[in-house]
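Asks: Got a structure for you, written out below as structure tokens; questions coming shortly.
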Amino acid sequence: MPQAYRSVEITVNGLTYNRQVEPRRLLSDFLREDLDLRGTHVGCEHGICGACTVLMNGYTVRSCLMFAVQANGAEITTIEGLAKNGKLHPLQEAFWENHGLQCGFCTPGFLLSACELLERNPDPTEEEVRVGLSGNMCRCTGYQGIVESVLAAASKMKAQK
Amino acid sequence: MYPQEFEYFCPETLEDAVGLLSKYGEEARVLAGGQSLIPLMKLRLASPKYLIHLGGIQGLSTIEEQDGMISFGALTRHAEVEESSLVQAKLPMMHDAVSMIGDVQIRNLGTIGGCLVHADPAGDMAPALLALGARVNTLSSNGKRTLKIHELIVDAYSTDLGEDEVVTRVLVPIPQKGSGGVYLKFERRAGDFAVASVGVQISLQKDGTCSEIAVALGAVGFTAIRARKAEELLRGKQVDDVLAKQAADQASAEADPFSDIRGSAEYKRHLVGVLFQRALKIALKRAGGEEVDTVHL
């Protein structure tokens, strides 16, 4: 059976893209292969590790557990969209300053999950951070640094307000 | 990991969706949030030739209170249920259950209708809704029907739905004042399925006698199970520790667990008794109007 291509219009980091995609094209591969945005990492590919996490209309989703056609009309933010005008996002700065990454493979997913977490709860407790990030895994096991980074970013962002 | 090729449809009305399902029969699958179906398709355990995505249909993700019930559109995402102030205030057991499903990313896409129809024996929504006496509305080429949870979910991963039948809404009766409910889940790793789970909804008379109780067990059978004999021990009685222990033993006996990667059948049966006693305590407190937080155990 020939697979009919579908037109999609997806806004990624503020730019709107019109593309033809196979229906089985995963959003993660659409971002990486079709748009050349390789900051979104693909880890386990079956909905456990959270490396492929992106924001869709402001909430986190696993881009490997979605078809690109499902994101038709949506606004996506990937790790490439986090820094603005050459300046790192406070969360990125905090990860840098607090050893929030070791090999860095899981980092894009963690940063986007942390973004949603702080958006909904700007002043989280350590436990709330751990629960909020429980959909992401760090194979280097650097969770302590990650949690400290998110707490540091939260206080920094609060002070800036 | 790529699914096999399929033809994709994104109908704009429920009638169109039913029409497509009638046309393609068992070669078609419905896509809601995709958090169970897409992993199955990537592993090629499911390879539908036709995928009918319901995401283009308007009005299927509303939460409304009507006639003593809260009505959820089938496409209401778990995150929306979790954040709903109506659910938090009036259906604490459902709030407990929904906030224990998977992790944030799964709750952001997964839907109430999708998880019920997927009918995973270890799912969290079915036991909570079973204890609450919820029903689902469906639509097919034969018209509309209303099914109770145990009528909808007939076996592991199996429902009573016809080939062209879709769940449209989930209706949950609001427990009366003086009723308290809780759902407790035991999981080994964050975001994992339950090893065992228990939902309890109890109503008390003014003198503290149990007037009505519903107990549902999750992950310890092919479907969620009502522990009816345990309920029978408590109905019409004043609940004390001795009676609670007897009912817990009875609930353990009514569980029908199997040994798997998450534990032996014996261990799960024991766990049911422990969770039941904890749940009963919290449900009693909530019935008395006390606020009790439930956390991942």
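In the structure tokens, chains take the letters A, B, ... in the order shown, each chain's residues start at 1, and ligands count up from 1 in the order shown.
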Can you pull out the residues contacting Gly102 in chain B? Cut-off 8 Å, using only C-alpha atoms, and skip same-chain residues under 6 positions away; I want them as a PyMOL selection string.
Replies: (chain A and resi 135) or (chain B and resi 190-193)
Asks: Name the residues in contact with range 46-56 of chain B at a cut-off of 9 Å, using only C-alpha atoms, excluding same-chain residues fewer than 6 positions from it; report them as number ranges by chain.
Replies: A: 1, 70; B: 3-14, 17, 20-21, 24, 26-33, 37-40, 75
Asks: Could you pull out the strand (DSSP E or B) residues of range 27-221 of chain B from DSSP and send them as an mmCIF file with C-alpha atoms, in the first residue's frame?
Replies:
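And here is the file that came out, out-v7.cif:
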```
data_model
loop_
_atom_site.group_PDB
_atom_site.id
_atom_site.type_symbol
_atom_site.label_atom_id
_atom_site.label_comp_id
_atom_site.auth_asym_id
_atom_site.auth_seq_id
_atom_site.Cartn_x
_atom_site.Cartn_y
_atom_site.Cartn_z
ATOM 1 C CA ALA B 28 -8.098 0.092 11.463
ATOM 2 C CA ARG B 29 -7.079 1.417 14.874
ATOM 3 C CA VAL B 30 -8.083 4.580 16.678
ATOM 4 C CA LEU B 31 -5.289 6.949 17.716
ATOM 5 C CA TYR B 50 -5.416 2.467 8.757
ATOM 6 C CA LEU B 51 -4.920 4.875 11.622
ATOM 7 C CA ILE B 52 -7.872 7.062 12.575
ATOM 8 C CA HIS B 53 -6.643 9.994 14.657
ATOM 9 C CA ILE B 63 -14.751 18.482 31.689
ATOM 10 C CA GLU B 64 -18.282 19.396 32.792
ATOM 11 C CA GLU B 65 -20.448 18.925 35.866
ATOM 12 C CA GLN B 66 -24.025 17.875 35.098
ATOM 13 C CA MET B 69 -21.841 13.632 37.550
ATOM 14 C CA ILE B 70 -18.610 14.884 36.120
ATOM 15 C CA SER B 71 -18.449 14.211 32.413
ATOM 16 C CA PHE B 72 -15.117 13.946 30.611
ATOM 17 C CA GLY B 73 -14.681 14.044 26.856
ATOM 18 C CA ARG B 77 -5.665 14.440 28.593
ATOM 19 C CA THR B 111 -6.155 10.501 27.316
ATOM 20 C CA ARG B 135 -19.800 4.692 32.892
ATOM 21 C CA VAL B 136 -18.736 5.414 29.348
ATOM 22 C CA ASN B 137 -20.803 6.607 26.422
ATOM 23 C CA THR B 138 -19.976 5.141 23.037
ATOM 24 C CA LEU B 139 -20.945 5.741 19.425
ATOM 25 C CA SER B 140 -20.999 3.232 16.572
ATOM 26 C CA GLY B 143 -26.034 4.125 17.599
ATOM 27 C CA LYS B 144 -25.150 5.110 21.148
ATOM 28 C CA ARG B 145 -24.641 2.905 24.212
ATOM 29 C CA THR B 146 -23.692 3.376 27.819
ATOM 30 C CA LEU B 147 -21.432 0.816 29.500
ATOM 31 C CA LYS B 148 -20.184 0.376 33.030
ATOM 32 C CA ILE B 153 -13.220 -3.886 29.925
ATOM 33 C CA VAL B 154 -13.808 -7.611 29.593
ATOM 34 C CA ASP B 155 -10.279 -9.017 29.688
ATOM 35 C CA SER B 158 -9.822 -6.436 25.517
ATOM 36 C CA THR B 159 -13.008 -4.413 25.480
ATOM 37 C CA VAL B 166 -15.616 4.613 19.914
ATOM 38 C CA VAL B 167 -15.827 5.882 23.479
ATOM 39 C CA THR B 168 -17.083 9.461 23.401
ATOM 40 C CA ARG B 169 -17.422 10.467 27.065
ATOM 41 C CA VAL B 170 -16.660 9.132 30.539
ATOM 42 C CA LEU B 171 -19.266 9.877 33.224
ATOM 43 C CA VAL B 172 -18.288 9.734 36.879
ATOM 44 C CA PRO B 173 -20.931 10.073 39.640
ATOM 45 C CA SER B 179 -18.050 9.835 51.490
ATOM 46 C CA GLY B 180 -14.285 9.537 51.189
ATOM 47 C CA GLY B 181 -12.191 7.999 48.460
ATOM 48 C CA VAL B 182 -8.540 7.276 47.785
ATOM 49 C CA TYR B 183 -6.411 5.420 45.267
ATOM 50 C CA LEU B 184 -3.039 4.034 46.290
ATOM 51 C CA LYS B 185 -0.505 2.536 43.935
ATOM 52 C CA PHE B 186 2.723 0.736 44.692
ATOM 53 C CA ALA B 196 -0.560 -3.557 42.831
ATOM 54 C CA SER B 197 -3.047 -0.788 43.476
ATOM 55 C CA VAL B 198 -6.179 -0.309 45.552
ATOM 56 C CA GLY B 199 -9.041 2.169 45.299
ATOM 57 C CA VAL B 200 -11.489 2.611 48.183
ATOM 58 C CA GLN B 201 -14.598 4.761 48.304
ATOM 59 C CA ILE B 202 -16.464 4.644 51.643
ATOM 60 C CA SER B 203 -19.596 6.437 52.849
ATOM 61 C CA LEU B 204 -20.322 6.844 56.536
ATOM 62 C CA THR B 209 -21.274 3.195 60.436
ATOM 63 C CA CYS B 210 -20.182 2.274 56.946
ATOM 64 C CA SER B 211 -23.264 2.677 54.769
ATOM 65 C CA GLU B 212 -21.652 2.037 51.407
ATOM 66 C CA ILE B 213 -18.229 0.942 50.225
ATOM 67 C CA ALA B 214 -16.562 0.091 46.942
ATOM 68 C CA VAL B 215 -13.125 -1.514 46.752
ATOM 69 C CA ALA B 216 -11.281 -1.968 43.478
ATOM 70 C CA LEU B 217 -7.970 -3.764 42.983
ATOM 71 C CA GLY B 218 -5.602 -2.966 40.116
#
```
Asks: Would you kindly return, as a compact mmCIF listing (two decimals) with N, CA and C atoms, in the first residue's frame, each protein, DNA or RNA residue with an atom no farther than 8 Å from any atom of Ala94 in chain A, considering only C-alpha atoms and excluding same-chain residues fewer than 6 positions away?
Replies:
```txt
# COMPACT_ATOMS: atom_id res chain seq x y z
N GLY A 100 25.21 20.33 36.16
CA GLY A 100 23.94 19.70 35.81
C GLY A 100 24.06 18.75 34.63
N SER A 149 20.75 22.17 40.00
CA SER A 149 20.70 23.17 38.92
C SER A 149 19.31 23.77 38.80
N VAL A 150 18.29 22.91 38.86
CA VAL A 150 16.92 23.41 38.68
C VAL A 150 16.53 24.30 39.87
N ALA A 152 18.62 26.03 41.68
CA ALA A 152 19.38 27.29 41.53
C ALA A 152 18.73 28.17 40.48
N ALA A 153 18.29 27.58 39.38
CA ALA A 153 17.63 28.37 38.33
C ALA A 153 16.35 28.99 38.85
```
Asks: Tell me, counting only C-alpha atoms, for each residue of chain A within 9 Å of chain B, which pair of atoms is nearest and how far apart they are in Å to one decimal, in rows ordered by chain and increasing number, as a Markdown table.
Replies:
```
| residue | atom | partner | partner_atom | distance |
| --- | --- | --- | --- | --- |
| A:Met1 | CA | B:Glu5 | CA | 7.8 |
| A:Pro2 | CA | B:Glu5 | CA | 8.1 |
| A:Gln3 | CA | B:Glu7 | CA | 6.1 |
| A:Ala4 | CA | B:Glu7 | CA | 6.9 |
| A:Arg6 | CA | B:Tyr8 | CA | 8.6 |
| A:Glu22 | CA | B:Glu5 | CA | 8.6 |
| A:Pro23 | CA | B:Tyr8 | CA | 6.1 |
| A:Arg24 | CA | B:Glu5 | CA | 6.5 |
| A:Arg25 | CA | B:Tyr2 | CA | 8.1 |
| A:Leu26 | CA | B:Tyr2 | CA | 8.2 |
| A:Glu45 | CA | B:Met1 | CA | 7.1 |
| A:His46 | CA | B:Pro39 | CA | 5.5 |
| A:Gly47 | CA | B:Pro39 | CA | 7.2 |
| A:Ile48 | CA | B:Gly191 | CA | 8.4 |
| A:Gly50 | CA | B:Gln105 | CA | 8.1 |
| A:Thr53 | CA | B:Gln105 | CA | 7.7 |
| A:Tyr59 | CA | B:Asn108 | CA | 6.8 |
| A:Thr60 | CA | B:Gln105 | CA | 5.4 |
| A:Val61 | CA | B:Gln105 | CA | 4.8 |
| A:Arg62 | CA | B:Gln105 | CA | 6.2 |
| A:Leu65 | CA | B:Ile38 | CA | 6.0 |
| A:Met66 | CA | B:Gly34 | CA | 7.0 |
| A:Phe67 | CA | B:Ile38 | CA | 8.5 |
| A:Val69 | CA | B:Tyr8 | CA | 8.8 |
| A:Gln70 | CA | B:Gly55 | CA | 7.6 |
| A:Ser113 | CA | B:Gln105 | CA | 8.4 |
| A:Val131 | CA | B:Ala190 | CA | 8.1 |
| A:Gly132 | CA | B:Val104 | CA | 6.8 |
| A:Leu133 | CA | B:Val104 | CA | 7.9 |
| A:Ser134 | CA | B:Ala190 | CA | 6.1 |
| A:Gly135 | CA | B:Asp103 | CA | 5.1 |
| A:Asn136 | CA | B:Asp103 | CA | 8.9 |
```
Asks: Using C-alpha atoms, can you export the residues from the last selection as an mmCIF file, in the first residue's frame?
Replies:
```cif
data_model
loop_
_atom_site.group_PDB
_atom_site.id
_atom_site.type_symbol
_atom_site.label_atom_id
_atom_site.label_comp_id
_atom_site.auth_asym_id
_atom_site.auth_seq_id
_atom_site.Cartn_x
_atom_site.Cartn_y
_atom_site.Cartn_z
ATOM 1 C CA MET A 1 0.000 0.000 0.000
ATOM 2 C CA PRO A 2 1.568 3.306 -0.998
ATOM 3 C CA GLN A 3 1.729 5.673 1.897
ATOM 4 C CA ALA A 4 0.232 9.037 0.992
ATOM 5 C CA ARG A 6 0.569 14.528 4.259
ATOM 6 C CA GLU A 22 4.995 10.229 5.672
ATOM 7 C CA PRO A 23 2.299 9.644 8.332
ATOM 8 C CA ARG A 24 4.642 7.314 10.190
ATOM 9 C CA ARG A 25 7.343 10.007 10.402
ATOM 10 C CA LEU A 26 8.001 10.480 14.105
ATOM 11 C CA GLU A 45 12.774 5.215 21.434
ATOM 12 C CA HIS A 46 9.929 3.691 23.404
ATOM 13 C CA GLY A 47 8.828 6.234 25.916
ATOM 14 C CA ILE A 48 11.025 5.729 28.939
ATOM 15 C CA GLY A 50 12.778 11.317 28.040
ATOM 16 C CA THR A 53 11.358 15.647 25.197
ATOM 17 C CA TYR A 59 3.782 21.312 27.624
ATOM 18 C CA THR A 60 6.360 18.562 27.464
ATOM 19 C CA VAL A 61 5.881 15.619 25.135
ATOM 20 C CA ARG A 62 8.104 12.772 23.999
ATOM 21 C CA LEU A 65 6.082 8.863 20.842
ATOM 22 C CA MET A 66 4.295 11.175 18.428
ATOM 23 C CA PHE A 67 3.871 11.268 14.704
ATOM 24 C CA VAL A 69 1.173 14.639 11.594
ATOM 25 C CA GLN A 70 -0.175 14.834 15.161
ATOM 26 C CA SER A 113 11.113 19.247 31.359
ATOM 27 C CA VAL A 131 8.858 14.154 40.843
ATOM 28 C CA GLY A 132 8.583 16.713 38.039
ATOM 29 C CA LEU A 133 11.696 15.350 36.321
ATOM 30 C CA SER A 134 10.851 11.670 36.868
ATOM 31 C CA GLY A 135 10.096 11.235 33.167
ATOM 32 C CA ASN A 136 13.738 11.847 32.270
#
```
Asks: How far is it from CA of Leu130 in chain B to CA of Arg228 in chain B, in Å with one decimal?
Replies: 12.0 Å
Asks: What lies within 9 Å of Gln102 in chain A using only C-alpha atoms, ignoring chain neighbours under 6 positions off, as a VMD selection string?
Replies: chain A and resid 140 to 142
Asks: Store the residues picked out above in a file with N, CA, C and O atoms, as a short mmCIF file (atom, residue, chain, number, x, y, z; two decimals), in the first residue's frame.
Replies:
```cif
data_model
loop_
_atom_site.label_atom_id
_atom_site.label_comp_id
_atom_site.auth_asym_id
_atom_site.auth_seq_id
_atom_site.Cartn_x
_atom_site.Cartn_y
_atom_site.Cartn_z
N CYS A 140 24.38 8.87 33.18
CA CYS A 140 25.56 9.14 34.01
C CYS A 140 25.18 9.17 35.49
O CYS A 140 26.05 9.33 36.34
N THR A 141 23.90 9.10 35.77
CA THR A 141 23.34 9.16 37.13
C THR A 141 23.63 10.47 37.84
O THR A 141 23.79 10.52 39.04
N GLY A 142 23.68 11.54 37.09
CA GLY A 142 24.02 12.84 37.68
C GLY A 142 22.84 13.60 38.22
O GLY A 142 22.74 14.82 38.10
#
```
Asks: Within 6 Å of Ser63 in chain A, counting only C-alpha atoms, which residues show up once you throw out same-chain ones fewer than 4 positions away? Write them as a list in words, please.
Replies: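 After dropping sequence-adjacent residues, the list is Leu27, Ser28, Cys52 and Thr53 of chain A.
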Asks: Atoms to include: C-alpha atoms. Write the selected residues as a compact mmCIF listing (two decimals), in the first residue's frame.
Replies:
```
# COMPACT_ATOMS: atom_id res chain seq x y z
CA LEU A 27 8.14 14.03 15.39
CA SER A 28 11.67 13.36 16.70
CA CYS A 52 13.56 13.37 23.06
CA THR A 53 11.36 15.65 25.20
```
